[in-house]
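The next block is run-v4.cif, given as mmCIF, C-alpha atoms, pLDDT in the B column; chains and numbers go by the auth columns.
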```cif
data_data
loop_
_atom_site.group_PDB
_atom_site.id
_atom_site.type_symbol
_atom_site.label_atom_id
_atom_site.label_comp_id
_atom_site.label_asym_id
_atom_site.label_seq_id
_atom_site.Cartn_x
_atom_site.Cartn_y
_atom_site.Cartn_z
_atom_site.B_iso_or_equiv
_atom_site.auth_seq_id
_atom_site.auth_asym_id
ATOM 1 C CA MET A 1 119.991 97.076 113.769 52.00 1 A
ATOM 2 C CA GLY A 2 123.767 96.756 114.073 61.00 2 A
ATOM 3 C CA HIS A 3 126.289 94.180 112.894 66.00 3 A
ATOM 4 C CA LEU A 4 125.773 91.718 115.749 73.00 4 A
ATOM 5 C CA CYS A 5 122.015 91.714 115.279 79.00 5 A
ATOM 6 C CA GLY A 6 122.483 91.403 111.499 79.00 6 A
ATOM 7 C CA ASP A 7 124.711 88.359 111.991 84.00 7 A
ATOM 8 C CA ILE A 8 122.172 86.748 114.314 84.00 8 A
ATOM 9 C CA ILE A 9 119.373 87.374 111.831 86.00 9 A
ATOM 10 C CA LEU A 10 121.403 85.967 108.909 88.00 10 A
ATOM 11 C CA LYS A 11 121.992 82.790 110.919 89.00 11 A
ATOM 12 C CA GLU A 12 118.291 82.533 111.739 89.00 12 A
ATOM 13 C CA VAL A 13 117.368 83.079 108.083 90.00 13 A
ATOM 14 C CA ALA A 14 119.793 80.340 107.030 90.00 14 A
ATOM 15 C CA LYS A 15 118.288 78.015 109.635 93.00 15 A
ATOM 16 C CA VAL A 16 114.730 78.674 108.397 93.00 16 A
ATOM 17 C CA LEU A 17 115.802 78.080 104.804 92.00 17 A
ATOM 18 C CA LYS A 18 117.591 74.820 105.598 93.00 18 A
ATOM 19 C CA GLU A 19 114.647 73.549 107.629 94.00 19 A
ATOM 20 C CA SER A 20 112.184 74.514 104.874 93.00 20 A
ATOM 21 C CA VAL A 21 113.644 72.449 102.059 91.00 21 A
ATOM 22 C CA ARG A 22 113.825 68.740 101.334 90.00 22 A
ATOM 23 C CA HIS A 23 117.010 66.711 101.784 92.00 23 A
ATOM 24 C CA GLN A 24 117.718 66.710 98.016 88.00 24 A
ATOM 25 C CA ASP A 25 117.441 70.523 97.785 87.00 25 A
ATOM 26 C CA SER A 26 120.263 73.007 98.340 86.00 26 A
ATOM 27 C CA VAL A 27 120.463 76.325 100.184 88.00 27 A
ATOM 28 C CA ILE A 28 123.418 78.510 99.244 86.00 28 A
ATOM 29 C CA ARG A 29 124.336 81.939 100.592 86.00 29 A
ATOM 30 C CA TYR A 30 124.791 83.777 97.342 83.00 30 A
ATOM 31 C CA GLY A 31 126.133 87.022 98.758 81.00 31 A
ATOM 32 C CA GLY A 32 125.375 89.487 101.516 79.00 32 A
ATOM 33 C CA ASP A 33 121.785 88.786 102.456 81.00 33 A
ATOM 34 C CA GLU A 34 120.958 86.847 99.285 84.00 34 A
ATOM 35 C CA PHE A 35 120.373 83.117 99.259 87.00 35 A
ATOM 36 C CA LEU A 36 119.930 80.709 96.403 86.00 36 A
ATOM 37 C CA ILE A 37 117.636 77.717 96.883 87.00 37 A
ATOM 38 C CA ILE A 38 117.771 74.882 94.389 85.00 38 A
ATOM 39 C CA PHE A 39 114.700 72.654 94.452 85.00 39 A
ATOM 40 C CA LEU A 40 115.533 69.488 92.523 83.00 40 A
ATOM 41 C CA ASN A 41 112.742 67.650 90.712 83.00 41 A
ATOM 42 C CA CYS A 42 110.130 69.897 92.241 85.00 42 A
ATOM 43 C CA PRO A 43 106.946 70.968 90.428 87.00 43 A
ATOM 44 C CA GLU A 44 106.661 74.708 90.004 84.00 44 A
ATOM 45 C CA GLU A 45 103.516 74.967 92.160 88.00 45 A
ATOM 46 C CA LYS A 46 105.354 73.244 95.046 90.00 46 A
ATOM 47 C CA VAL A 47 108.182 75.777 94.751 87.00 47 A
ATOM 48 C CA TYR A 48 105.648 78.585 95.177 86.00 48 A
ATOM 49 C CA GLU A 49 104.123 76.793 98.184 91.00 49 A
ATOM 50 C CA ARG A 50 107.584 76.503 99.767 91.00 50 A
ATOM 51 C CA THR A 51 108.473 80.150 99.135 88.00 51 A
ATOM 52 C CA THR A 52 105.158 81.261 100.675 89.00 52 A
ATOM 53 C CA TYR A 53 105.873 79.084 103.706 92.00 53 A
ATOM 54 C CA ILE A 54 109.422 80.487 103.962 91.00 54 A
ATOM 55 C CA GLN A 55 108.106 84.047 103.880 88.00 55 A
ATOM 56 C CA ARG A 56 105.748 83.244 106.781 89.00 56 A
ATOM 57 C CA MET A 57 108.553 81.651 108.798 91.00 57 A
ATOM 58 C CA LEU A 58 110.920 84.570 108.158 88.00 58 A
ATOM 59 C CA SER A 59 108.361 87.051 109.469 85.00 59 A
ATOM 60 C CA ASP A 60 108.720 85.424 112.921 85.00 60 A
ATOM 61 C CA ILE A 61 112.452 86.203 113.150 84.00 61 A
ATOM 62 C CA SER A 62 113.578 89.043 115.375 74.00 62 A
ATOM 63 C CA CYS A 63 116.759 90.083 117.123 70.00 63 A
ATOM 64 C CA LYS A 64 116.516 89.819 120.911 65.00 64 A
ATOM 65 C CA GLY A 65 112.724 89.910 120.728 58.00 65 A
ATOM 66 C CA ASN A 66 112.719 93.234 118.858 59.00 66 A
ATOM 67 C CA LYS A 67 109.581 92.934 116.716 59.00 67 A
ATOM 68 C CA ASN A 68 110.022 96.487 115.378 64.00 68 A
ATOM 69 C CA HIS A 69 112.062 95.126 112.473 68.00 69 A
ATOM 70 C CA THR A 70 110.400 92.474 110.376 71.00 70 A
ATOM 71 C CA ILE A 71 112.261 90.143 108.067 77.00 71 A
ATOM 72 C CA GLY A 72 110.893 89.778 104.589 75.00 72 A
ATOM 73 C CA ALA A 73 112.007 88.073 101.438 80.00 73 A
ATOM 74 C CA ASP A 74 111.752 88.756 97.764 81.00 74 A
ATOM 75 C CA PHE A 75 111.893 85.704 95.530 82.00 75 A
ATOM 76 C CA GLY A 76 112.717 85.221 91.910 82.00 76 A
ATOM 77 C CA VAL A 77 111.904 81.759 90.649 82.00 77 A
ATOM 78 C CA ALA A 78 113.386 80.246 87.528 81.00 78 A
ATOM 79 C CA HIS A 79 111.966 76.838 86.718 78.00 79 A
ATOM 80 C CA THR A 80 113.366 74.294 84.307 78.00 80 A
ATOM 81 C CA THR A 81 112.499 70.755 83.332 76.00 81 A
ATOM 82 C CA CYS A 82 115.890 70.221 81.644 79.00 82 A
ATOM 83 C CA PHE A 83 118.621 70.796 84.212 78.00 83 A
ATOM 84 C CA GLU A 84 122.146 70.919 82.792 82.00 84 A
ATOM 85 C CA LYS A 85 125.267 70.605 84.925 83.00 85 A
ATOM 86 C CA THR A 86 127.175 73.345 83.129 86.00 86 A
ATOM 87 C CA GLY A 87 128.422 76.686 84.360 88.00 87 A
ATOM 88 C CA GLU A 88 126.722 78.446 81.445 91.00 88 A
ATOM 89 C CA PHE A 89 123.341 76.952 82.261 86.00 89 A
ATOM 90 C CA MET A 90 123.670 77.768 85.959 86.00 90 A
ATOM 91 C CA GLU A 91 124.615 81.379 85.193 89.00 91 A
ATOM 92 C CA LYS A 92 121.614 81.692 82.876 88.00 92 A
ATOM 93 C CA ILE A 93 119.064 80.295 85.326 85.00 93 A
ATOM 94 C CA ILE A 94 120.481 82.270 88.260 86.00 94 A
ATOM 95 C CA ARG A 95 120.355 85.434 86.142 87.00 95 A
ATOM 96 C CA GLN A 96 116.679 84.695 85.316 86.00 96 A
ATOM 97 C CA ALA A 97 115.807 84.204 88.978 86.00 97 A
ATOM 98 C CA ASP A 98 117.781 87.306 89.982 87.00 98 A
ATOM 99 C CA THR A 99 115.996 89.433 87.381 87.00 99 A
ATOM 100 C CA LEU A 100 112.606 88.213 88.598 86.00 100 A
ATOM 101 C CA MET A 101 113.562 88.860 92.208 84.00 101 A
ATOM 102 C CA TYR A 102 114.400 92.491 91.431 85.00 102 A
ATOM 103 C CA GLN A 103 111.174 92.867 89.424 85.00 103 A
ATOM 104 C CA ASN A 104 109.218 91.522 92.418 81.00 104 A
ATOM 105 C CA LYS A 105 111.088 93.856 94.761 82.00 105 A
ATOM 106 C CA LYS A 106 110.315 96.832 92.518 84.00 106 A
ATOM 107 C CA ALA A 107 106.650 95.846 92.150 82.00 107 A
ATOM 108 C CA LYS A 108 106.308 95.551 95.926 78.00 108 A
ATOM 109 C CA LYS A 109 107.734 99.060 96.431 78.00 109 A
ATOM 110 C CA GLU A 110 105.529 100.536 93.713 75.00 110 A
ATOM 111 C CA LYS A 111 102.452 98.865 95.201 71.00 111 A
ATOM 112 C CA LYS A 112 103.211 100.417 98.599 54.00 112 A
ATOM 113 C CA ARG A 113 103.580 103.817 96.971 48.00 113 A
ATOM 114 C CA VAL A 114 100.274 103.404 95.115 46.00 114 A
ATOM 115 C CA LEU A 115 98.519 102.364 98.324 45.00 115 A
ATOM 116 C CA LEU A 116 99.863 105.477 100.080 41.00 116 A
ATOM 117 C CA GLU A 117 98.689 107.686 97.203 42.00 117 A
ATOM 118 C CA CYS A 118 95.192 106.134 97.401 37.00 118 A
ATOM 119 C CA ALA A 119 95.109 106.635 101.172 39.00 119 A
ATOM 120 C CA ASP A 120 96.077 110.319 100.728 36.00 120 A
ATOM 121 C CA LYS A 121 93.242 110.900 98.214 39.00 121 A
ATOM 122 C CA GLN A 122 90.655 109.458 100.619 37.00 122 A
ATOM 123 C CA SER A 123 91.629 111.789 103.481 35.00 123 A
#
```
In structure tokens, how does this file's structure come out?
Amino acid sequence: MGHLCGDIILKEVAKVLKESVRHQDSVIRYGGDEFLIIFLNCPEEKVYERTTYIQRMLSDISCKGNKNHTIGADFGVAHTTCFEKTGEFMEKIIRQADTLMYQNKKAKKEKKRVLLECADKQS
């Protein structure tokens, strides 16, 4: 897609994320194309509703109307009822969310591969 298009898309992603959270929540660019969203005092089921909504909104993003490249998101959610304002705690909960995100990413890829294998057997 190119660097310019990548920059435009990152800005659009950031905009969607900021517009999809409440005023007490935080959106942080964690690195590269990774973002961290902190939902404060938010029930777990509401977090899943928000992430589903965000995924839908991200699928509408394109660079210069080029719908050939779709934007997707993989989420890892770590939920706690006892938030601690310590670096150790933050590292732990971010690590949990990161691990889950990579597990979700892997599961999505494996599911696609399984679907292709099933489609090949039916032909």
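Picture a line from CA of Glu44 in chain A to CA of Gly76 in chain A; it runs 12.3 Å.
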Please determine, counting only C-alpha atoms, which residue among A:Thr51, A:Phe75, A:Ile37, A:Leu17 has the shortest atom-to-atom distance to Ala107 in chain A.
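Among the listed residues, the smallest separation from Ala107 in chain A belongs to A:Phe75.
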Selection result for the PyMOL selection byres ((chain A and resi 56-61) around 8) on this file, as a PyMOL selection string
chain A and resi 9+12-13+16+52-55+62-63+70-73
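Between Ile28 in chain A and the residues A:His79, A:Arg95, A:Lys15, A:Lys85, the shortest atom-to-atom distance, using all atoms listed in the file, involves A:Lys15.
The shortest atom-to-atom distance to Asp98 in chain A, with all atoms listed in the file taken into account, belongs to A:Asp74 out of A:Asp74, A:Ile8, A:Ala14, A:Arg22.
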Shortest contact to Asp25 in chain A, candidates A:Val47, A:Leu10, A:Met90, A:Ala78, atoms counted only C-alpha atoms, goes to A:Val47
So how many Å separate CA of Phe35 in chain A and CA of Met101 in chain A, to one decimal?
11.4 Å
Glu84 in chain A surroundings by all atoms listed in the file, 12 Å radius, close-in-sequence under 5 positions cut, as an mmCIF file with C-alpha atoms, in the coordinates of the input:
```cif
data_model
loop_
_atom_site.group_PDB
_atom_site.id
_atom_site.type_symbol
_atom_site.label_atom_id
_atom_site.label_comp_id
_atom_site.auth_asym_id
_atom_site.auth_seq_id
_atom_site.Cartn_x
_atom_site.Cartn_y
_atom_site.Cartn_z
ATOM 1 C CA LEU A 40 115.533 69.488 92.523
ATOM 2 C CA PHE A 89 123.341 76.952 82.261
ATOM 3 C CA MET A 90 123.670 77.768 85.959
ATOM 4 C CA GLU A 91 124.615 81.379 85.193
ATOM 5 C CA LYS A 92 121.614 81.692 82.876
ATOM 6 C CA ILE A 93 119.064 80.295 85.326
#
```
Across A:Lys18, A:Arg29, A:Lys11, A:Lys106, the smallest distance to Arg50 in chain A, with all atoms listed in the file counted, is shown by A:Lys18
A straight line from CA of Glu45 in chain A to CA of Lys105 in chain A spans 20.5 Å
With all atoms of range 68-85 of chain A from the file as input, state the centre and edge lengths in Å to one decimal of the axis-aligned box that has 4 Å extra on each side, as AutoDock Vina command-line options.
```
--center_x 117.6 --center_y 83.4 --center_z 98.5 --size_x 23.2 --size_y 34.3 --size_z 41.7
```
Under the rule that only C-alpha atoms are counted, which of A:Cys82, A:Val77, A:Asn104, A:Leu4 is the nearest residue to Tyr48 in chain A?
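Closest to Tyr48 in chain A, using only C-alpha atoms: A:Val77.
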